[in-house]
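*Asks:* This is model-v6.txt (compact mmCIF, C-alpha atoms).
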# COMPACT_ATOMS: atom_id res chain seq x y z
CA MET A 233 0.00 0.00 0.00
CA PHE A 234 2.90 2.37 0.73
CA ASP A 235 4.42 1.65 -2.69
CA VAL A 236 1.08 2.13 -4.50
CA ILE A 237 0.28 5.49 -2.91
CA ALA A 238 3.86 6.72 -3.33
CA GLY A 239 3.77 5.64 -6.99
CA VAL A 240 0.53 7.57 -7.61
CA LEU A 241 2.04 10.65 -5.96
CA ALA A 242 5.14 10.40 -8.14
CA TRP A 243 2.94 10.02 -11.24
CA PHE A 244 0.98 13.19 -10.39
CA TYR A 245 4.28 15.03 -9.88
CA SER A 246 5.51 13.93 -13.30
CA ILE A 247 2.41 15.59 -14.78
CA THR A 248 2.19 18.79 -12.70
CA SER A 249 5.85 19.30 -11.58
CA ASP A 250 4.46 20.89 -8.41
CA TYR A 251 4.51 19.44 -4.90
CA SER A 252 1.32 21.10 -3.66
CA LEU A 253 -0.77 20.11 -6.68
CA SER A 254 0.53 16.54 -6.51
CA ILE A 255 -0.43 16.21 -2.83
CA ILE A 256 -3.86 17.78 -3.44
CA LEU A 257 -4.63 15.50 -6.40
CA LEU A 258 -3.51 12.39 -4.51
CA THR A 259 -5.67 13.31 -1.50
CA LEU A 260 -8.75 14.02 -3.61
CA ILE A 261 -8.39 10.80 -5.64
CA ILE A 262 -8.16 8.64 -2.51
CA MET A 263 -11.11 10.36 -0.85
CA LEU A 264 -13.12 10.08 -4.05
CA VAL A 265 -12.53 6.32 -4.11
CA PHE A 266 -13.91 6.01 -0.57
CA THR A 267 -16.91 8.30 -1.14
CA PRO A 268 -19.42 5.44 -1.67
CA LEU A 269 -18.35 3.87 1.62
CA THR A 270 -18.62 7.24 3.35
CA LEU A 271 -22.14 7.83 2.04
CA LYS A 272 -23.21 4.34 3.08
CA GLY A 273 -21.83 4.83 6.57
CA THR A 274 -23.52 8.24 6.83
CA ARG A 275 -26.92 6.77 5.87
CA SER A 276 -26.49 3.98 8.41
CA MET A 277 -25.59 6.42 11.20
CA MET A 278 -28.57 8.62 10.36
CA ARG A 279 -30.92 5.64 10.50
CA MET A 280 -29.43 4.53 13.81
CA GLN A 281 -30.02 8.02 15.22
CA GLU A 282 -33.67 7.85 14.17
CA LEU A 283 -34.03 4.53 16.03
CA GLN A 284 -32.57 5.86 19.29
CA PRO A 285 -35.98 6.46 20.99
CA GLU A 286 -37.02 2.86 20.25
CA LEU A 287 -33.69 1.52 21.49
CA LYS A 288 -34.10 3.42 24.76
CA ARG A 289 -37.58 1.99 25.26
CA ILE A 290 -36.26 -1.53 24.70
CA GLN A 291 -33.42 -0.96 27.15
CA ALA A 292 -35.83 0.39 29.78
CA ARG A 293 -38.22 -2.52 29.27
CA ASN A 294 -35.56 -5.26 29.48
CA LYS A 295 -32.90 -3.72 31.67
CA ASN A 296 -32.88 -6.83 33.90
CA ASP A 297 -33.20 -9.38 31.07
CA ARG A 298 -30.10 -9.32 28.87
CA PRO A 299 -31.12 -12.12 26.44
CA LYS A 300 -34.53 -10.53 25.87
CA LEU A 301 -32.86 -7.14 25.35
CA ASN A 302 -30.53 -8.51 22.65
CA GLU A 303 -33.40 -10.36 20.99
CA GLU A 304 -35.61 -7.28 20.69
CA MET A 305 -32.72 -5.07 19.55
CA MET A 306 -31.80 -7.50 16.77
CA ALA A 307 -35.47 -7.66 15.75
CA LEU A 308 -35.52 -3.85 15.52
CA TYR A 309 -32.32 -3.79 13.43
CA SER A 310 -33.65 -6.50 11.12
CA LYS A 311 -37.00 -4.80 10.68
CA ASN A 312 -35.43 -1.47 9.69
CA GLY A 313 -32.57 -2.93 7.66
CA VAL A 314 -29.71 -1.37 9.65
CA SER A 315 -26.58 -2.73 11.29
CA PRO A 316 -24.88 -1.45 14.46
CA LEU A 317 -21.53 -1.60 12.63
CA GLY A 318 -22.81 0.05 9.47
CA GLY A 319 -21.70 3.53 10.53
CA CYS A 320 -18.21 2.74 11.82
CA LEU A 321 -17.15 -0.04 9.45
CA PRO A 322 -16.51 2.25 6.43
CA SER A 323 -14.40 4.52 8.65
CA LEU A 324 -12.37 1.55 9.88
CA VAL A 325 -11.70 0.49 6.28
CA GLN A 326 -10.51 3.99 5.32
CA LEU A 327 -8.34 4.54 8.38
CA PRO A 328 -5.32 2.42 7.27
CA VAL A 329 -5.31 4.06 3.83
CA PHE A 330 -5.27 7.58 5.24
CA PHE A 331 -2.57 6.56 7.71
CA VAL A 332 -0.41 5.35 4.81
CA LEU A 333 -1.15 8.56 2.89
CA TYR A 334 -0.02 10.58 5.92
CA ARG A 335 3.20 8.58 6.23
CA VAL A 336 4.03 8.85 2.52
CA ILE A 337 3.63 12.64 2.49
CA ASN A 338 5.58 12.97 5.71
CA GLY A 339 8.31 10.74 4.27
CA LEU A 340 9.01 13.17 1.43
CA ALA A 341 11.01 15.36 3.83
CA HIS A 342 12.92 12.45 5.39
CA VAL A 343 16.64 12.93 5.96
CA GLY A 344 19.01 9.98 6.22
CA SER A 345 21.56 9.30 8.96
CA ASN A 346 24.31 10.95 6.86
CA GLY A 347 22.36 14.22 6.76
CA GLU A 348 21.40 13.82 3.11
CA PRO A 349 17.77 13.84 1.92
CA ASP A 350 16.36 10.34 1.61
CA PRO A 351 12.65 10.38 0.62
CA LYS A 352 10.80 7.28 1.77
CA TYR A 353 8.66 4.86 -0.25
CA LEU A 354 9.53 6.49 -3.63
CA ASP A 355 11.05 4.82 -6.64
CA LYS A 356 14.58 6.19 -7.01
CA ASP A 357 14.11 6.54 -10.75
CA SER A 358 11.00 8.73 -10.40
CA ASP A 359 11.14 12.46 -11.12
CA LEU A 360 9.86 13.21 -7.62
CA TYR A 361 12.72 11.35 -5.95
CA VAL A 362 15.37 12.84 -8.23
CA ASP A 363 14.14 16.43 -7.72
CA LEU A 364 13.97 16.03 -3.94
CA VAL A 365 17.55 14.77 -3.81
CA GLU A 366 18.86 17.43 -6.20
CA GLU A 367 17.10 20.24 -4.27
CA ALA A 368 18.52 18.99 -0.95
CA GLY A 369 15.14 17.89 0.31
CA GLN A 370 13.44 21.22 -0.31
CA MET A 371 9.83 21.15 -1.57
CA VAL A 372 9.32 24.69 -2.81
CA SER A 373 5.77 25.35 -4.03
CA PHE A 374 4.37 28.85 -4.59
CA GLY A 375 7.38 30.27 -2.78
CA VAL A 376 6.93 28.12 0.37
CA ASP A 377 9.22 25.24 1.34
CA LEU A 378 6.76 22.49 2.29
CA SER A 379 9.49 20.43 3.95
CA ARG A 380 9.83 22.92 6.83
CA ARG A 381 7.69 23.12 9.96
CA ALA A 382 5.90 26.25 11.09
CA VAL A 383 7.29 25.94 14.62
CA ASP A 384 10.87 25.96 13.29
CA VAL A 385 10.38 28.85 10.90
CA LEU A 386 8.67 30.91 13.61
CA LYS A 387 11.75 30.61 15.84
CA ILE A 388 13.94 32.04 13.09
CA ASP A 389 11.88 34.81 11.49
CA PHE A 390 8.29 35.86 12.18
CA VAL A 391 7.77 37.48 8.75
CA GLU A 392 9.04 34.39 6.98
CA SER A 393 6.70 32.21 9.08
CA LEU A 394 3.53 34.08 8.02
CA PRO A 395 2.72 31.72 5.08
CA TYR A 396 3.15 28.73 7.40
CA LEU A 397 0.95 30.32 10.06
CA LEU A 398 -1.61 31.05 7.34
CA LEU A 399 -1.72 27.32 6.51
CA VAL A 400 -2.29 26.56 10.22
CA GLY A 401 -5.06 29.18 10.43
CA VAL A 402 -6.84 27.88 7.34
CA THR A 403 -6.61 24.34 8.76
CA PHE A 404 -8.33 25.49 11.97
CA ILE A 405 -11.10 27.40 10.16
CA LEU A 406 -11.92 24.50 7.85
CA SER A 407 -11.84 21.96 10.69
CA TRP A 408 -14.13 24.12 12.85
CA PHE A 409 -16.55 24.70 9.97
CA GLN A 410 -16.63 20.99 9.17
CA GLN A 411 -17.45 20.11 12.79
CA LYS A 412 -20.23 22.73 12.89
CA GLN A 413 -21.60 21.46 9.58
CA MET A 414 -21.80 17.87 10.84
CA LYS A 415 -23.46 18.97 14.06
CA SER A 416 -26.15 20.91 12.20
CA ARG A 417 -26.67 17.91 9.95
CA ARG A 418 -27.41 15.67 12.93
CA GLY A 419 -30.34 17.88 13.93
CA ASN A 420 -32.10 17.05 17.20
CA ALA A 421 -31.04 13.40 17.13
CA PRO A 422 -29.07 12.19 20.16
CA SER A 423 -25.49 11.07 19.70
CA THR A 424 -25.00 7.33 19.27
CA ASN A 425 -21.39 7.42 20.45
CA GLN A 426 -20.26 9.69 23.27
CA GLN A 427 -16.57 9.06 22.54
CA MET A 428 -17.02 10.09 18.92
CA GLU A 429 -18.95 13.17 20.05
CA MET A 430 -16.07 14.22 22.32
CA LEU A 431 -13.55 13.58 19.52
CA MET A 432 -15.50 15.79 17.14
CA LYS A 433 -15.43 18.61 19.70
CA ILE A 434 -11.66 18.35 20.24
CA MET A 435 -10.58 17.81 16.61
CA PRO A 436 -10.99 21.46 15.43
CA TYR A 437 -8.43 22.46 18.07
CA MET A 438 -6.04 19.49 17.75
CA LEU A 439 -5.66 19.49 13.96
CA PRO A 440 -4.09 23.01 13.82
CA VAL A 441 -1.63 21.88 16.50
CA PHE A 442 -0.59 18.96 14.27
CA ALA A 443 -0.28 21.33 11.30
CA PHE A 444 1.95 23.60 13.40
CA MET A 445 4.28 20.75 14.46
CA VAL A 446 4.64 18.77 11.18
CA PRO A 447 6.04 19.71 7.73
CA ALA A 448 3.88 22.12 5.74
CA ALA A 449 3.27 19.43 3.12
CA LEU A 450 0.94 17.75 5.62
CA GLY A 451 -0.82 21.10 6.10
CA ILE A 452 -1.65 20.97 2.37
CA TYR A 453 -3.04 17.47 2.95
CA PHE A 454 -5.18 18.66 5.91
CA ILE A 455 -6.62 21.55 3.90
CA ALA A 456 -7.38 19.41 0.83
CA SER A 457 -9.08 16.68 2.87
CA SER A 458 -11.13 19.23 4.85
CA LEU A 459 -12.33 20.95 1.69
CA TYR A 460 -13.39 17.64 0.20
CA ARG A 461 -15.25 16.60 3.36
CA ILE A 462 -17.06 19.94 3.48
CA GLY A 463 -18.18 19.47 -0.13
CA GLN A 464 -19.21 15.92 0.66
CA GLN A 465 -21.29 17.06 3.63
CA ALA A 466 -22.93 19.70 1.44
CA PHE A 467 -23.87 16.95 -1.02
CA ILE A 468 -25.33 14.88 1.83
CA HIS A 469 -27.34 17.90 3.00
CA ALA A 470 -28.75 18.36 -0.49
CA THR A 471 -29.64 14.70 -1.11
CA MET A 472 -30.58 13.37 2.34
CA LYS A 473 -33.21 14.71 4.70
CA PRO A 474 -31.90 15.93 8.07
CA VAL A 475 -32.35 13.61 11.00
CA VAL A 476 -35.58 14.29 12.93
CA VAL A 477 -36.38 12.10 15.90
CA VAL A 478 -40.05 11.06 15.67
CA THR A 479 -41.73 9.64 18.72
CA PRO A 480 -44.01 6.61 18.30
CA SER A 481 -47.06 8.66 19.30
CA ASP A 482 -46.74 10.80 16.18
CA GLY A 483 -47.69 7.86 14.05
CA LYS A 484 -44.88 8.46 11.52
CA ASP A 485 -42.87 5.43 12.56
CA ASP A 486 -43.89 1.84 12.88
CA PRO A 487 -42.13 0.68 16.03
CA ILE A 488 -42.12 -2.87 17.28
CA ASP A 489 -44.76 -3.87 19.78
CA ILE A 490 -43.44 -3.37 23.30
CA GLU A 491 -45.46 -3.19 26.48
CA GLU A 492 -45.45 0.15 28.14
CA VAL A 493 -43.85 0.35 31.53
CA ASP A 494 -46.43 1.11 34.24
CA GLN A 495 -45.87 4.54 35.66
CA PRO A 496 -46.15 4.83 39.46
CA LYS A 497 -49.03 6.88 40.82
CA THR A 498 -48.19 10.33 41.94
CA THR A 499 -48.51 10.84 45.68
CA PRO A 500 -49.73 14.10 47.27
CA LYS A 501 -46.22 14.71 48.51
CA GLU A 502 -44.86 14.49 44.96
CA LEU A 503 -47.59 16.84 43.75
CA LYS A 504 -46.57 19.28 46.41
CA ASN A 505 -42.98 19.07 45.24
CA ARG A 506 -44.08 19.94 41.72
CA LYS A 507 -45.62 23.24 42.88
CA SER A 508 -43.71 26.42 42.35
CA ASN A 509 -41.67 27.86 45.19
CA LYS A 510 -43.95 30.89 45.39
CA ALA A 511 -47.05 28.74 45.86
CA VAL A 512 -45.35 26.64 48.51
CA VAL A 513 -44.28 29.75 50.46
CA ALA A 514 -47.80 31.21 50.29
CA GLU A 515 -49.35 27.95 51.49
CA GLU A 516 -46.92 27.71 54.40
CA SER A 517 -47.68 31.31 55.34
CA ARG A 518 -51.45 30.64 55.41
CA ARG A 519 -50.93 27.53 57.50
CA GLU A 520 -48.89 29.46 60.06
CA GLU A 521 -51.56 32.19 60.27
CA ARG A 522 -54.27 29.59 60.90
CA ALA A 523 -52.15 28.01 63.64
CA VAL A 524 -51.62 31.40 65.32
CA ARG A 525 -55.35 32.20 65.26
CA SER A 526 -56.22 28.79 66.68
CA LYS A 527 -53.69 29.23 69.45
CA LYS A 528 -55.13 32.66 70.30
CA ARG A 529 -58.65 31.22 70.52
CA GLN A 530 -57.45 28.45 72.81
CA ASN A 531 -55.65 30.96 75.02
CA GLY A 532 -58.77 33.19 75.13
CA THR A 533 -61.02 30.25 76.14
CA GLU A 534 -58.64 29.19 78.90
CA SER A 535 -58.36 32.73 80.27
CA SER A 536 -62.17 33.22 80.35
CA SER A 537 -62.66 29.93 82.18
CA LYS A 538 -60.02 30.93 84.70
CA LYS A 539 -61.80 34.26 85.30
CA GLN A 540 -65.11 32.51 85.87
CA ARG A 541 -63.55 30.13 88.41
CA SER A 542 -61.88 32.99 90.25
CA ARG A 543 -65.13 34.99 90.30
CA ALA A 544 -67.00 32.01 91.70
CA ARG A 545 -64.47 31.70 94.51
CA THR A 546 -64.72 35.37 95.39
CA GLU A 547 -68.54 35.24 95.50
CA THR A 548 -68.70 32.32 97.96
CA PRO A 549 -71.42 33.19 100.63
CA LYS A 550 -70.36 33.98 104.18
CA LYS A 551 -71.34 31.91 107.15
CA GLY A 552 -75.07 32.26 107.95
CA GLN A 553 -75.77 33.86 104.59
CA ALA A 554 -78.12 32.20 102.11
CA LYS A 555 -76.34 30.56 99.31
CA ASN A 556 -78.86 31.73 96.67
CA PRO A 557 -79.75 35.43 96.66
CA PRO A 558 -83.46 36.35 96.61
CA SER A 559 -84.81 36.34 93.11
CA ILE A 560 -86.28 39.48 91.73
CA GLN A 561 -90.05 39.21 91.57
CA SER A 562 -91.81 40.06 88.39
CA LYS A 563 -94.28 42.92 88.42
CA ARG A 564 -97.04 40.49 87.54
CA THR A 565 -96.37 38.14 90.51
CA SER A 566 -96.82 38.46 94.22
CA GLY A 567 -94.66 37.18 96.98
CA ASP A 568 -95.65 33.56 96.48
CA GLY A 569 -94.64 33.68 92.85
CA ARG A 570 -98.13 33.12 91.43
CA THR A 571 -99.51 35.34 88.76
CA ARG A 572 -102.49 37.59 89.53
CA LYS A 573 -104.69 35.52 87.27
CA LYS A 574 -103.95 32.34 89.14
CA ARG A 575 -104.62 34.01 92.51
CA LYS A 576 -108.02 35.14 91.33
Just give me the structure as structure tokens.
*Replies:*
Amino acid sequence: MFDVIAGVLAWFYSITSDYSLSIILLTLIIMLVFTPLTLKGTRSMMRMQELQPELKRIQARNKNDRPKLNEEMMALYSKNGVSPLGGCLPSLVQLPVFFVLYRVINGLAHVGSNGEPDPKYLDKDSDLYVDLVEEAGQMVSFGVDLSRRAVDVLKIDFVESLPYLLLVGVTFILSWFQQKQMKSRRGNAPSTNQQMEMLMKIMPYMLPVFAFMVPAALGIYFIASSLYRIGQQAFIHATMKPVVVVTPSDGKDDPIDIEEVDQPKTTPKELKNRKSNKAVVAEESRREERAVRSKKRQNGTESSSKKQRSRARTETPKKGQAKNPPSIQSKRTSGDGRTRKKRK
């Protein structure tokens, strides 16, 4: 694989006689070959994202029954024609090729143990190998030596390092835009892989660091690959509908039959907890006021009963005095208490 990719790069150089154009053409050709796999993996990931609500329901229903969980998940995959490995398998196939491409481009600036340029993986009879050796390992393209690193040039001369810093800046902008583009493409669908989500967040900041520490030829490779991926994502946006998670209640999906999990009844205490803080404070305030009024009434009743008992003790008749005072006679009665009519 190293020999094949290096041979294609040397062939492009024999046509263009330019290092940058040769690297760009090699990168685009390899990415174009893997475009069908990329599109297939993208479709599979989008379909998996649409099935996430159903997968969560299955996991909640069979969280204590692993065999049943696997059985229902495989039934869901089979019914919708998707595979759990469909999204990552194309990427795994491409990874070794891009690793070789990275090593071949990096090997163009290799220097042997004797201090002489010794490009790796190239045929010594190729024009690319001969020019690299004759030019002492320099890869001058558009006035920039692609064999040098931005970090080394910056230590020597800031003005001379501006083209290299421009390559690093363009790498960051394209990487950030690509990450934002993929995130907008995903829509409101949840992420299927948390590790991949974290990697996508870090990559826009790590790739410029790589471009700053490696030969500028690899910066050309980063820029070319980012531009192609951005165009590829634009094509996906134009030909594929964005991912929209549809719940089973909307009636747009046909999920598998799964029993609903019984929801526990809500207790009064839980209802109270759902109230707003303002309502809870007002209710507590009214309860305290009622308690204060009740306490005042109880205190008033006790004090009145105490007064009555004390008054009764003070009005106790003296010795030889009648206990009951003479009743006041009505005007219509005489001394014996009979009415005038009865006396007649």
*Asks:* Could you tell me how far CA of Pro268 (chain A) sits from CA of Ile247 (chain A), in Å to one decimal place?
*Replies:*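 Going from CA of Ile247 (chain A) over to CA of Pro268 (chain A) covers 27.4 Å.
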*Asks:* Might you pull out every residue within 10 Å of Val402 (chain A), with all atoms listed in the file counted and same-chain residues fewer than 5 positions away left off, and present them as a list in words?
*Replies:*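 Neighbouring residues, sequence-local ones excluded: Leu397, Ser407, Trp408, Pro440, Gly451, Ile452, Phe454, Ile455 and Ser458 of chain A.
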*Asks:* Using all atoms listed in the file, can you tell me which of A:Thr270, A:Ser393, A:Ser517, A:Gln530 comes closest to Leu324 (chain A)?
*Replies:*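 Looking only at the distances to Leu324 (chain A), the closest residue turns out to be A:Thr270.
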*Asks:* Between CA of Pro436 (chain A) and CA of Leu283 (chain A), what is the spacing in Å?
*Replies:* 28.6 Å
*Asks:* Would you give the centre and edge lengths, in Å to one decimal, of a box along x, y and z around the listed atoms of region 347-358 of chain A, with 3 Å added to each side, as AutoDock Vina command-line options?
*Replies:*
--center_x 15.5 --center_y 9.5 --center_z -2.0 --size_x 19.7 --size_y 15.4 --size_z 23.5
*Asks:* Given the choices A:Leu241, A:Leu450, A:Ala443, A:Val385, which gets closest to Val400 (chain A) if the distance is worked out from all atoms listed in the file?
*Replies:* A:Ala443
*Asks:* What is the CA of Asn338 (chain A)-CA of Gln370 (chain A) distance in Å, reported with one decimal?
*Replies:* 12.9 Å
*Asks:* For Pro395 (chain A), which of A:Leu378, A:Ile468, A:Met414, A:Val365 is the closest residue, counting only C-alpha atoms?
*Replies:* A:Leu378
*Asks:* Using all atoms listed in the file, find the one residue out of A:Gly347, A:Val240, A:Arg289, A:Ser315 that sits nearest to Ile256 (chain A).
*Replies:*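 Smallest distance to Ile256 (chain A) is found for A:Val240.
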*Asks:* Please list as a list in words every residue within 12 Å of Gln410 (chain A), counting all atoms listed in the file and excluding residues in the same chain fewer than 3 positions away.
*Replies:*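 Counting only the stated atoms, we get Thr403, Phe404, Ile405, Leu406, Ser407, Gln413, Met414, Lys415, Ser416, Arg417, Met432, Lys433, Met435, Pro436, Ile455, Ser457, Ser458, Leu459, Tyr460, Arg461, Ile462, Gly463, Gln464, Gln465 and Ala466 of chain A.
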*Asks:* Taking all atoms listed in the file into account, name the residue in A:Val513, A:Ala448, A:Thr471, A:Lys387 that is nearest to Ile255 (chain A).
*Replies:*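 Answer, going by the shortest atom-to-atom distance: A:Ala448.
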